[in-house]
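Novice: File follows, model_5.txt with compact mmCIF, C-alpha atoms and all ligand atoms:
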# COMPACT_ATOMS: atom_id res chain seq x y z
CA MET T 3 -7.95 -4.33 4.14
CA ARG T 4 -6.68 -7.08 1.81
CA ASN T 5 -3.04 -6.82 0.83
CA ILE T 6 -2.50 -6.93 -2.93
CA THR T 7 0.85 -8.34 -4.07
CA ILE T 8 2.65 -6.00 -6.47
CA PHE T 9 4.52 -7.98 -9.12
CA ASP T 10 6.70 -5.58 -11.05
CA THR T 11 7.64 -6.60 -14.58
CA THR T 12 9.43 -3.40 -15.69
CA LEU T 13 12.63 -5.38 -16.24
CA ARG T 14 10.91 -8.09 -18.33
CA ASP T 15 7.67 -6.98 -20.06
CA GLY T 16 8.64 -3.29 -19.64
CA GLU T 17 11.98 -3.89 -21.29
CA GLN T 18 10.09 -5.43 -24.23
CA SER T 19 8.96 -1.87 -25.17
CA PRO T 20 10.60 -0.98 -28.44
CA GLY T 21 13.64 1.16 -27.60
CA ALA T 22 13.67 0.37 -23.87
CA SER T 23 16.61 -2.05 -23.62
CA MET T 24 18.73 -1.63 -20.48
CA ASN T 25 22.27 -2.78 -19.78
CA LEU T 26 23.26 -4.82 -16.73
CA ALA T 27 24.25 -1.85 -14.55
CA GLU T 28 21.01 -0.05 -15.42
CA LYS T 29 18.93 -3.14 -14.61
CA LEU T 30 20.62 -3.47 -11.24
CA GLU T 31 19.91 0.20 -10.51
CA VAL T 32 16.22 -0.22 -11.41
CA ALA T 33 16.02 -3.45 -9.36
CA GLN T 34 17.37 -1.64 -6.27
CA ALA T 35 14.88 1.21 -6.84
CA LEU T 36 12.08 -1.39 -6.95
CA VAL T 37 13.29 -2.83 -3.63
CA ASP T 38 13.24 0.69 -2.13
CA LEU T 39 9.72 1.11 -3.49
CA LYS T 40 8.84 -2.13 -1.63
CA VAL T 41 7.41 -4.13 -4.53
CA ASP T 42 6.75 -7.75 -3.53
CA VAL T 43 8.05 -9.49 -6.65
CA ILE T 44 10.55 -8.36 -9.30
CA GLU T 45 10.31 -10.15 -12.64
CA ALA T 46 13.94 -9.67 -13.58
CA GLY T 47 13.88 -11.06 -17.11
CA PHE T 48 13.48 -14.03 -19.45
CA PRO T 49 16.72 -16.00 -18.97
CA ILE T 50 16.52 -18.12 -22.15
CA ALA T 51 15.94 -15.01 -24.32
CA SER T 52 19.61 -13.97 -24.51
CA PRO T 53 22.89 -14.30 -22.59
CA GLY T 54 22.41 -10.67 -21.48
CA ASP T 55 18.98 -11.46 -20.04
CA PHE T 56 20.36 -14.54 -18.28
CA GLU T 57 23.20 -12.50 -16.72
CA ALA T 58 20.82 -9.77 -15.61
CA VAL T 59 18.48 -12.23 -13.86
CA ARG T 60 21.45 -13.94 -12.21
CA ALA T 61 22.97 -10.65 -11.04
CA ILE T 62 19.67 -9.30 -9.69
CA ALA T 63 18.91 -12.63 -7.97
CA GLY T 64 22.24 -12.42 -6.19
CA ALA T 65 22.10 -8.73 -5.33
CA VAL T 66 18.66 -7.86 -3.99
CA LYS T 67 17.27 -8.84 -0.60
CA GLY T 68 13.83 -8.78 0.98
CA VAL T 69 11.95 -9.31 -2.28
CA GLN T 70 10.99 -12.28 -4.43
CA VAL T 71 12.92 -12.49 -7.74
CA CYS T 72 11.19 -14.12 -10.69
CA GLY T 73 12.36 -15.37 -14.08
CA LEU T 74 10.12 -16.15 -17.06
CA ALA T 75 10.14 -19.45 -18.97
CA ARG T 76 8.05 -21.02 -21.70
CA CYS T 77 6.55 -24.39 -20.81
CA ASN T 78 9.51 -26.49 -21.94
CA PRO T 79 12.38 -28.13 -20.07
CA LYS T 80 15.18 -26.01 -21.63
CA ASP T 81 13.53 -22.71 -20.70
CA ILE T 82 12.67 -23.87 -17.18
CA ASP T 83 16.15 -25.26 -16.48
CA ARG T 84 17.76 -22.05 -17.75
CA ALA T 85 15.42 -19.93 -15.62
CA TRP T 86 16.39 -21.92 -12.54
CA GLU T 87 20.10 -21.64 -13.38
CA ALA T 88 19.70 -17.86 -13.36
CA LEU T 89 17.52 -17.74 -10.24
CA GLN T 90 19.14 -20.22 -7.89
CA GLY T 91 21.18 -17.58 -6.03
CA ALA T 92 18.06 -15.65 -5.05
CA GLU T 93 16.99 -15.39 -1.42
CA ASN T 94 13.39 -16.02 -2.51
CA PRO T 95 13.06 -17.25 -6.12
CA ARG T 96 9.96 -17.71 -8.29
CA ILE T 97 9.75 -19.42 -11.69
CA HIS T 98 7.04 -18.09 -13.98
CA VAL T 99 6.00 -20.53 -16.72
CA PHE T 100 3.58 -19.59 -19.47
CA LEU T 101 1.75 -21.29 -22.30
CA ALA T 102 -0.90 -19.81 -24.58
CA THR T 103 -4.42 -21.20 -24.25
CA SER T 104 -6.68 -19.20 -26.63
CA ALA T 105 -8.05 -20.82 -29.80
CA ILE T 106 -6.11 -18.33 -31.97
CA HIS T 107 -2.80 -19.19 -30.32
CA ARG T 108 -3.55 -22.93 -30.20
CA GLU T 109 -4.38 -23.09 -33.90
CA PHE T 110 -1.92 -20.65 -35.48
CA LYS T 111 1.04 -20.37 -33.12
CA LEU T 112 1.32 -23.62 -31.18
CA LYS T 113 -0.59 -26.02 -33.43
CA MET T 114 -1.69 -27.95 -30.34
CA ASP T 115 -5.11 -29.17 -29.25
CA LYS T 116 -6.59 -28.57 -25.80
CA ALA T 117 -5.42 -31.90 -24.35
CA GLU T 118 -1.85 -31.20 -25.44
CA ILE T 119 -1.96 -27.74 -23.85
CA ILE T 120 -3.08 -29.18 -20.52
CA ARG T 121 -0.44 -31.91 -20.65
CA ARG T 122 2.35 -29.39 -21.38
CA ALA T 123 1.16 -26.95 -18.74
CA VAL T 124 1.15 -29.68 -16.09
CA GLU T 125 4.59 -30.96 -17.13
CA GLY T 126 6.02 -27.44 -17.10
CA VAL T 127 4.65 -26.59 -13.65
CA GLU T 128 5.82 -29.94 -12.25
CA ARG T 129 9.33 -29.48 -13.62
CA ALA T 130 9.58 -25.96 -12.20
CA LYS T 131 8.20 -27.18 -8.86
CA GLY T 132 11.11 -29.59 -8.68
CA TYR T 133 13.36 -26.52 -8.37
CA CYS T 134 11.52 -24.15 -6.03
CA PRO T 135 8.25 -23.84 -4.11
CA ASN T 136 7.02 -20.55 -5.69
CA ILE T 137 5.65 -21.29 -9.13
CA GLU T 138 3.53 -18.97 -11.22
CA PHE T 139 1.62 -20.25 -14.24
CA SER T 140 0.20 -17.97 -16.95
CA PRO T 141 -2.26 -19.14 -19.62
CA GLU T 142 -1.14 -16.57 -22.23
CA ASP T 143 -4.02 -14.76 -23.98
CA ALA T 144 -6.33 -15.90 -21.17
CA ALA T 145 -8.75 -13.04 -21.80
CA ARG T 146 -9.50 -14.50 -25.27
CA THR T 147 -9.60 -18.12 -24.07
CA GLU T 148 -12.91 -20.00 -23.84
CA VAL T 149 -13.81 -19.68 -20.16
CA ASP T 150 -14.57 -23.41 -19.67
CA PHE T 151 -11.14 -24.35 -21.03
CA LEU T 152 -9.48 -21.61 -18.96
CA CYS T 153 -11.04 -23.13 -15.82
CA GLU T 154 -9.73 -26.57 -16.81
CA VAL T 155 -6.18 -25.32 -17.42
CA VAL T 156 -6.10 -23.30 -14.18
CA GLU T 157 -7.35 -26.28 -12.15
CA ALA T 158 -4.70 -28.55 -13.69
CA ALA T 159 -1.89 -26.01 -13.13
CA ILE T 160 -2.83 -25.61 -9.46
CA ALA T 161 -3.06 -29.38 -8.99
CA ALA T 162 0.44 -29.64 -10.52
CA GLY T 163 1.83 -27.18 -7.95
CA ALA T 164 1.31 -23.61 -9.20
CA THR T 165 1.11 -21.25 -6.23
CA THR T 166 0.05 -18.26 -8.36
CA VAL T 167 -2.17 -18.42 -11.44
CA ASN T 168 -1.81 -15.30 -13.52
CA ILE T 169 -4.56 -14.30 -15.95
CA PRO T 170 -3.04 -12.25 -18.77
CA ASP T 171 -4.96 -9.98 -21.09
CA THR T 172 -2.05 -10.35 -23.49
CA VAL T 173 -3.43 -8.14 -26.26
CA GLY T 174 -5.33 -5.60 -24.13
CA TYR T 175 -8.70 -6.82 -25.44
CA ALA T 176 -10.66 -7.01 -22.19
CA THR T 177 -12.98 -4.46 -20.63
CA PRO T 178 -13.42 -4.04 -16.86
CA THR T 179 -16.72 -5.98 -16.81
CA HIS T 180 -15.16 -8.77 -18.89
CA MET T 181 -12.00 -9.03 -16.75
CA GLY T 182 -13.92 -8.89 -13.49
CA GLY T 183 -16.23 -11.63 -14.81
CA VAL T 184 -13.33 -13.92 -15.75
CA ILE T 185 -11.86 -13.70 -12.24
CA ARG T 186 -15.26 -14.22 -10.63
CA THR T 187 -15.92 -17.28 -12.81
CA LEU T 188 -12.56 -18.82 -11.89
CA ARG T 189 -13.35 -18.35 -8.22
CA GLU T 190 -16.79 -19.90 -8.64
CA ARG T 191 -15.88 -22.84 -10.85
CA VAL T 192 -12.31 -23.97 -10.14
CA PRO T 193 -12.55 -26.31 -7.12
CA ASN T 194 -8.92 -25.86 -5.95
CA ILE T 195 -8.70 -22.11 -6.66
CA ASP T 196 -8.11 -21.25 -2.98
CA GLN T 197 -4.80 -23.12 -3.09
CA ALA T 198 -3.27 -20.40 -5.31
CA VAL T 199 -3.17 -16.62 -5.55
CA ILE T 200 -5.05 -15.27 -8.57
CA SER T 201 -3.04 -12.67 -10.43
CA VAL T 202 -3.88 -10.35 -13.31
CA HIS T 203 -1.62 -9.04 -16.10
CA CYS T 204 -3.30 -6.45 -18.30
CA HIS T 205 -1.97 -4.76 -21.42
CA ASN T 206 -3.10 -1.30 -22.37
CA ASP T 207 -4.05 -1.51 -26.06
CA LEU T 208 -7.47 0.04 -25.41
CA GLY T 209 -6.24 2.23 -22.54
CA MET T 210 -7.97 0.04 -19.92
CA ALA T 211 -5.11 -1.87 -18.28
CA VAL T 212 -5.48 -0.15 -14.90
CA ALA T 213 -9.30 -0.27 -14.96
CA ASN T 214 -9.21 -3.97 -15.91
CA SER T 215 -6.73 -4.73 -13.13
CA LEU T 216 -8.92 -2.92 -10.59
CA ALA T 217 -11.94 -4.91 -11.76
CA ALA T 218 -9.91 -8.09 -11.23
CA VAL T 219 -8.99 -6.98 -7.69
CA GLU T 220 -12.63 -6.17 -6.99
CA ASN T 221 -13.49 -9.74 -7.96
CA GLY T 222 -10.82 -11.42 -5.86
CA ALA T 223 -7.43 -11.14 -7.60
CA GLY T 224 -4.66 -10.96 -5.00
CA GLN T 225 -1.75 -9.98 -7.24
CA VAL T 226 -1.40 -7.30 -9.93
CA GLU T 227 1.37 -7.36 -12.53
CA CYS T 228 2.45 -3.91 -13.59
CA THR T 229 5.36 -1.73 -14.72
CA ILE T 230 6.81 1.66 -13.81
CA ASN T 231 5.27 4.33 -16.08
CA GLY T 232 3.16 1.55 -17.64
CA ILE T 233 5.91 0.70 -20.13
CA GLY T 234 5.69 -2.59 -22.02
CA GLU T 235 4.84 -4.28 -25.30
CA ARG T 236 2.93 -1.97 -27.73
CA ALA T 237 0.76 0.40 -25.63
CA GLY T 238 2.30 -1.01 -22.46
CA ASN T 239 1.17 -2.70 -19.25
CA CYS T 240 -0.86 -1.67 -16.23
CA SER T 241 0.96 1.30 -14.70
CA LEU T 242 2.30 0.54 -11.20
CA GLU T 243 1.93 4.08 -9.90
CA GLU T 244 -1.69 4.32 -11.08
CA ILE T 245 -2.91 1.01 -9.68
CA VAL T 246 -1.10 1.60 -6.37
CA MET T 247 -2.50 5.11 -5.90
CA ALA T 248 -5.98 4.02 -7.04
CA LEU T 249 -6.00 1.42 -4.26
CA ARG T 250 -4.43 3.79 -1.70
CA THR T 251 -6.85 6.63 -2.52
CA ARG T 252 -9.98 4.49 -2.92
CA GLY T 253 -9.33 1.91 -0.22
CA ASP T 254 -12.79 2.89 1.07
CA TYR T 255 -14.21 1.20 -2.03
CA TYR T 256 -11.75 -1.59 -2.87
CA LYS T 257 -10.98 -2.55 0.75
CA ALA T 258 -7.48 -3.38 -0.47
CA ASP T 259 -4.04 -1.78 -0.36
CA THR T 260 -0.41 -2.57 -1.19
CA ARG T 261 2.87 -2.37 0.72
CA ILE T 262 4.30 0.19 -1.72
CA HIS T 263 6.28 3.07 -0.18
CA THR T 264 4.53 5.67 -2.32
CA PRO T 265 6.94 8.64 -1.80
CA ARG T 266 9.35 6.65 -4.01
CA LEU T 267 6.89 6.62 -6.96
CA VAL T 268 8.02 9.81 -8.71
CA PRO T 269 11.78 9.25 -8.18
CA THR T 270 11.43 5.69 -9.54
CA SER T 271 9.38 6.92 -12.50
CA ARG T 272 12.09 9.50 -13.32
CA LEU T 273 14.86 6.91 -13.00
CA VAL T 274 13.13 4.47 -15.40
CA SER T 275 12.37 7.28 -17.83
CA SER T 276 15.94 8.54 -17.88
CA ILE T 277 17.42 5.04 -18.25
CA THR T 278 15.05 3.86 -20.99
CA GLY T 279 14.71 7.22 -22.74
CA LEU T 280 10.91 6.72 -22.74
CA GLU T 281 9.45 10.08 -21.77
CA VAL T 282 6.55 10.36 -19.35
CA GLN T 283 3.68 12.32 -20.89
CA ARG T 284 3.16 15.64 -19.14
CA ASN T 285 -0.42 14.91 -18.09
CA LYS T 286 0.24 11.28 -17.01
CA ALA T 287 -1.65 10.43 -13.81
CA ILE T 288 0.45 10.43 -10.60
CA VAL T 289 3.92 10.96 -12.12
CA GLY T 290 3.41 13.42 -15.01
CA ARG T 291 4.73 16.97 -14.62
CA ASN T 292 1.18 18.34 -14.62
CA ALA T 293 -0.26 15.77 -12.17
CA PHE T 294 -0.08 18.28 -9.29
CA ALA T 295 -0.08 21.54 -11.28
CA HIS T 296 -3.03 23.95 -11.39
CA GLU T 297 -3.41 26.93 -13.70
CA ALA T 298 -7.08 27.94 -13.66
CA GLY T 299 -7.79 30.92 -11.39
CA ILE T 300 -10.80 29.28 -9.74
CA HIS T 301 -8.78 26.15 -8.96
CA GLN T 302 -5.80 28.13 -7.67
CA ASP T 303 -8.03 30.20 -5.43
CA GLY T 304 -9.63 27.01 -4.07
CA MET T 305 -6.22 25.38 -3.54
CA LEU T 306 -4.96 28.39 -1.60
CA LYS T 307 -7.99 28.16 0.69
CA GLU T 308 -8.05 24.34 1.12
CA ARG T 309 -6.04 21.93 -1.02
CA SER T 310 -8.64 19.14 -0.96
CA THR T 311 -10.92 21.34 -3.10
CA TYR T 312 -8.98 20.27 -6.21
CA GLU T 313 -6.57 17.53 -5.13
CA ILE T 314 -7.45 13.96 -4.15
CA MET T 315 -3.87 12.99 -3.24
CA ARG T 316 -1.10 14.87 -1.44
CA PRO T 317 1.88 15.52 -3.74
CA GLU T 318 4.33 14.54 -1.00
CA ASP T 319 2.68 11.10 -0.80
CA VAL T 320 3.94 10.27 -4.30
CA GLY T 321 7.28 12.05 -3.99
CA VAL T 322 6.46 15.51 -5.38
CA SER T 323 7.67 18.25 -3.02
CA LYS T 324 4.62 20.47 -3.44
CA THR T 325 1.65 21.46 -5.55
CA ASP T 326 2.57 23.71 -8.47
CA LEU T 327 0.32 26.73 -8.99
CA VAL T 328 1.38 27.51 -12.56
CA LEU T 329 1.00 31.15 -13.47
CA GLY T 330 -0.56 31.58 -16.91
CA LYS T 331 -3.40 33.39 -18.64
CA HIS T 332 -6.02 31.41 -16.68
CA SER T 333 -4.61 32.36 -13.28
CA GLY T 334 -6.23 34.81 -10.89
CA ARG T 335 -5.21 37.58 -8.46
CA ALA T 336 -5.03 35.20 -5.49
CA ALA T 337 -2.32 33.06 -7.10
CA LEU T 338 -0.38 36.13 -8.26
CA ALA T 339 -0.49 37.69 -4.78
CA ASP T 340 0.57 34.37 -3.25
CA ARG T 341 3.56 34.07 -5.62
CA ALA T 342 4.56 37.69 -5.03
CA THR T 343 4.58 37.03 -1.28
CA ALA T 344 6.67 33.89 -1.80
CA LEU T 345 9.12 35.99 -3.82
CA GLY T 346 9.43 38.48 -0.95
CA TYR T 347 7.13 41.27 -2.20
CA ALA T 348 4.28 42.75 -0.20
CA ILE T 349 1.84 44.17 -2.76
CA GLU T 350 -1.85 44.81 -2.32
CA GLY T 351 -4.68 47.14 -3.32
CA LYS T 352 -4.02 49.37 -6.32
CA GLU T 353 -0.45 48.15 -6.68
CA LEU T 354 -1.65 44.54 -6.95
CA ASP T 355 -4.35 45.61 -9.47
CA ASP T 356 -1.73 47.24 -11.69
CA VAL T 357 0.66 44.31 -11.54
CA PHE T 358 -2.23 41.90 -12.23
CA GLU T 359 -3.23 43.90 -15.33
CA ALA T 360 0.34 43.85 -16.63
CA PHE T 361 0.57 40.12 -15.78
CA LYS T 362 -2.57 39.31 -17.82
CA LYS T 363 -1.20 41.18 -20.83
CA LEU T 364 2.08 39.27 -20.60
CA ALA T 365 0.24 35.94 -20.08
CA ASP T 366 -1.59 36.41 -23.38
CA LYS T 367 1.80 36.44 -25.09
CA LYS T 368 3.61 33.72 -23.11
CA LYS T 369 2.55 30.11 -22.37
CA GLU T 370 3.98 30.11 -18.86
CA ILE T 371 5.03 32.96 -16.59
CA TYR T 372 8.15 32.37 -14.53
CA ASP T 373 9.15 33.86 -11.20
CA ALA T 374 11.65 36.13 -12.96
CA ASP T 375 8.77 37.57 -15.06
CA ILE T 376 6.73 38.30 -11.94
CA ALA T 377 9.68 39.94 -10.20
CA ALA T 378 10.35 42.09 -13.30
CA LEU T 379 6.69 43.18 -13.47
CA ILE T 380 6.64 44.15 -9.79
CA ASP T 381 10.02 45.91 -9.93
CA LYS T 382 8.92 47.89 -12.98
CA ARG T 383 5.68 48.87 -11.29
CA THR T 384 7.46 49.80 -8.03
CA SER T 385 10.12 51.93 -9.76
CA ALA T 386 7.43 53.59 -11.96
CA GLY T 387 5.31 54.34 -8.88
O1 LIG T 401 1.23 -10.52 -21.82
C1 LIG T 401 1.46 -11.71 -21.52
O2 LIG T 401 0.66 -12.62 -21.76
C2 LIG T 401 2.72 -12.00 -20.86
C3 LIG T 401 2.87 -13.35 -20.26
C4 LIG T 401 4.23 -13.90 -20.47
C5 LIG T 401 2.47 -13.31 -18.83
O3 LIG T 401 3.55 -11.11 -20.71
ZN ZN T 402 2.63 -9.11 -21.00
Transcribe the structure of this file into structure tokens.
Ligand code: KIV
Ligand code: ZN
Specialist:
Amino acid sequence: MRNITIFDTTLRDGEQSPGASMNLAEKLEVAQALVDLKVDVIEAGFPIASPGDFEAVRAIAGAVKGVQVCGLARCNPKDIDRAWEALQGAENPRIHVFLATSAIHREFKLKMDKAEIIRRAVEGVERAKGYCPNIEFSPEDAARTEVDFLCEVVEAAIAAGATTVNIPDTVGYATPTHMGGVIRTLRERVPNIDQAVISVHCHNDLGMAVANSLAAVENGAGQVECTINGIGERAGNCSLEEIVMALRTRGDYYKADTRIHTPRLVPTSRLVSSITGLEVQRNKAIVGRNAFAHEAGIHQDGMLKERSTYEIMRPEDVGVSKTDLVLGKHSGRAALADRATALGYAIEGKELDDVFEAFKKLADKKKEIYDADIAALIDKRTSAG
């Protein structure tokens, strides 16, 4: 099994979600939760962006242990110096420098030609390398960059000292085949590629951030950048819980895993949701309220016989105490009898038939049936009988 480095950017790219700003105490709480989750790298913020961001990176760098702490910087001396100022108290710091490389960004945003981009990228990496050994370089909008130029920039950044080269799909434009192909091409064509870890940073504009990241891993990426609950700019980033559980569940296929302590996934998801106020959709994979809930009678019957009939992961492995057999109009007798037993009733035969009939009538009127409803139905039936 290859180990994939999990680079969490909830506190940087995640915080860039409209409405997701966090104060210093909240950022420290999330950072500690990420340590408990055993992420490898925490991107704590963008120190030049604001005094608050600078303070947060400095505080996290000083507080957390056993994890690499990273700060973001554009490819210019002021940004890089400020990032280092914030990071220098960290046990294990990383500076992440980025510069856009796509034709659209070169022409309209940066107004620089290709030679100028390479020169600035090299200068930025070299300056950061003067501060610490762990340097990440990101060619922003890499997925829309001409692949020959991307290879040139990546080679130059590694030669200048980058230890990780991150390939961002900044606008969520890639598809899995495209992203996998970009990583494969870099591995085939960049002569010094083995001197750095290849990373991937996918946005979710077309709903493919996790699939694109998996395709990158399949083609040799050794680091995935992601956020709790997939929060981030616009439609968000690759969701940490999804990529981690995809690798854990399908290690047979990917031959790769992470160090993540998965029973902390749901508690960390809830913490980030309550701090940011960004709700987790009910049917969200892994951490949504319905992720381990079953209502259909056929599924509930199967689950009661053998849980692997309808579940590919164990709820306790992601921090959910148990599977939820939701009682509703699609549920069957087996689930009703099971719930009645759990509530302390022993009903069977004709008595169970009668309660089941009454339950179905009630379920047509109510979206969800609670334990109190079941108890009332059984009590009524028992006292009537
Ligand atoms: O999406 C992006 O390109 C980024 C970079 C700064 C890595 O967030
Ligand atoms: Zn991003």
Novice: For Ile97 (chain T), which residue among T:Ile44, T:Val322, T:Ala336, T:Met114 is the nearest when counting only C-alpha atoms?
Specialist: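 With only C-alpha atoms as the atom set, the closest residue is T:Ile44.
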Novice: Could you state the separation of CA of Ala339 (chain T) and CA of Lys324 (chain T) in Å, given to one decimal place?
Specialist: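 So the two atoms, CA of Ala339 (chain T) and CA of Lys324 (chain T), lie 18.0 Å apart.
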Novice: Find the distance between CA of Ile314 (chain T) and CA of Thr251 (chain T) and write it in Å to one decimal.
Specialist: 7.5 Å
Novice: With all atoms listed in the file as the basis for distance, which of T:Leu273, T:Ala213, T:Ala144, T:Ala102 is at the shortest distance from Glu31 (chain T)?
Specialist: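 Comparing T:Leu273, T:Ala213, T:Ala144, T:Ala102 against Glu31 (chain T), the winner is T:Leu273.
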Novice: Counting only C-alpha atoms and all ligand atoms, which of T:Ser23, T:Thr172, T:Thr103, T:Thr311 gets nearest to ligand ZN 402 (chain T)?
Specialist: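 Going through T:Ser23, T:Thr172, T:Thr103, T:Thr311 one by one, the smallest distance to ligand ZN 402 (chain T) is for T:Thr172.
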Novice: What's around Ile6 (chain T) at 7 Å? Count all atoms listed in the file, leave out sequence neighbours fewer than 4 positions away in its own chain, and write the answer as a list in words.
Specialist: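 Using all atoms listed in the file, the neighbours found are Gly224, Gln225, Ala258, Asp259 and Thr260 of chain T.
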Novice: Determine the nearest neighbour of ligand LIG 401 (chain T) from the options T:Asn194, T:Thr187, T:Ser310, T:Asn239, counting all atoms listed in the file.
Specialist: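 Comparing T:Asn194, T:Thr187, T:Ser310, T:Asn239 against ligand LIG 401 (chain T), the winner is T:Asn239.
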Novice: How about completing region 116-132 of chain T with N, CA and C atoms and giving it to me as a JSON list (two decimals), keeping the file's coordinate frame?
Specialist:
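Contents of selection29.json, as written:
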[["chain", "number", "residue", "atom", "x", "y", "z"],
["T", 116, "LYS", "N", -6.41, -28.91, -27.22],
["T", 116, "LYS", "CA", -6.59, -28.57, -25.80],
["T", 116, "LYS", "C", -5.90, -29.57, -24.87],
["T", 117, "ALA", "N", -6.01, -30.87, -25.22],
["T", 117, "ALA", "CA", -5.42, -31.90, -24.35],
["T", 117, "ALA", "C", -3.91, -31.73, -24.25],
["T", 118, "GLU", "N", -3.31, -31.39, -25.39],
["T", 118, "GLU", "CA", -1.85, -31.20, -25.44],
["T", 118, "GLU", "C", -1.43, -29.98, -24.59],
["T", 119, "ILE", "N", -2.25, -28.94, -24.65],
["T", 119, "ILE", "CA", -1.96, -27.74, -23.85],
["T", 119, "ILE", "C", -1.97, -28.10, -22.36],
["T", 120, "ILE", "N", -2.99, -28.82, -21.94],
["T", 120, "ILE", "CA", -3.08, -29.18, -20.52],
["T", 120, "ILE", "C", -1.89, -30.05, -20.13],
["T", 121, "ARG", "N", -1.56, -31.00, -20.97],
["T", 121, "ARG", "CA", -0.44, -31.91, -20.65],
["T", 121, "ARG", "C", 0.86, -31.10, -20.50],
["T", 122, "ARG", "N", 1.10, -30.18, -21.46],
["T", 122, "ARG", "CA", 2.35, -29.39, -21.38],
["T", 122, "ARG", "C", 2.38, -28.45, -20.18],
["T", 123, "ALA", "N", 1.22, -27.87, -19.89],
["T", 123, "ALA", "CA", 1.16, -26.95, -18.74],
["T", 123, "ALA", "C", 1.50, -27.70, -17.46],
["T", 124, "VAL", "N", 0.91, -28.87, -17.30],
["T", 124, "VAL", "CA", 1.15, -29.68, -16.09],
["T", 124, "VAL", "C", 2.63, -30.09, -16.02],
["T", 125, "GLU", "N", 3.18, -30.54, -17.13],
["T", 125, "GLU", "CA", 4.59, -30.96, -17.13],
["T", 125, "GLU", "C", 5.51, -29.79, -16.79],
["T", 126, "GLY", "N", 5.18, -28.63, -17.35],
["T", 126, "GLY", "CA", 6.02, -27.44, -17.10],
["T", 126, "GLY", "C", 5.98, -27.04, -15.62],
["T", 127, "VAL", "N", 4.78, -26.99, -15.06],
["T", 127, "VAL", "CA", 4.65, -26.59, -13.65],
["T", 127, "VAL", "C", 5.37, -27.62, -12.76],
["T", 128, "GLU", "N", 5.18, -28.89, -13.09],
["T", 128, "GLU", "CA", 5.82, -29.94, -12.25],
["T", 128, "GLU", "C", 7.35, -29.84, -12.32],
["T", 129, "ARG", "N", 7.87, -29.58, -13.50],
["T", 129, "ARG", "CA", 9.33, -29.48, -13.62],
["T", 129, "ARG", "C", 9.85, -28.29, -12.80],
["T", 130, "ALA", "N", 9.16, -27.16, -12.94],
["T", 130, "ALA", "CA", 9.58, -25.96, -12.20],
["T", 130, "ALA", "C", 9.47, -26.21, -10.69],
["T", 131, "LYS", "N", 8.42, -26.91, -10.29],
["T", 131, "LYS", "CA", 8.20, -27.18, -8.86],
["T", 131, "LYS", "C", 9.32, -28.04, -8.27],
["T", 132, "GLY", "N", 9.96, -28.81, -9.14],
["T", 132, "GLY", "CA", 11.11, -29.59, -8.68],
["T", 132, "GLY", "C", 12.27, -28.70, -8.26]]
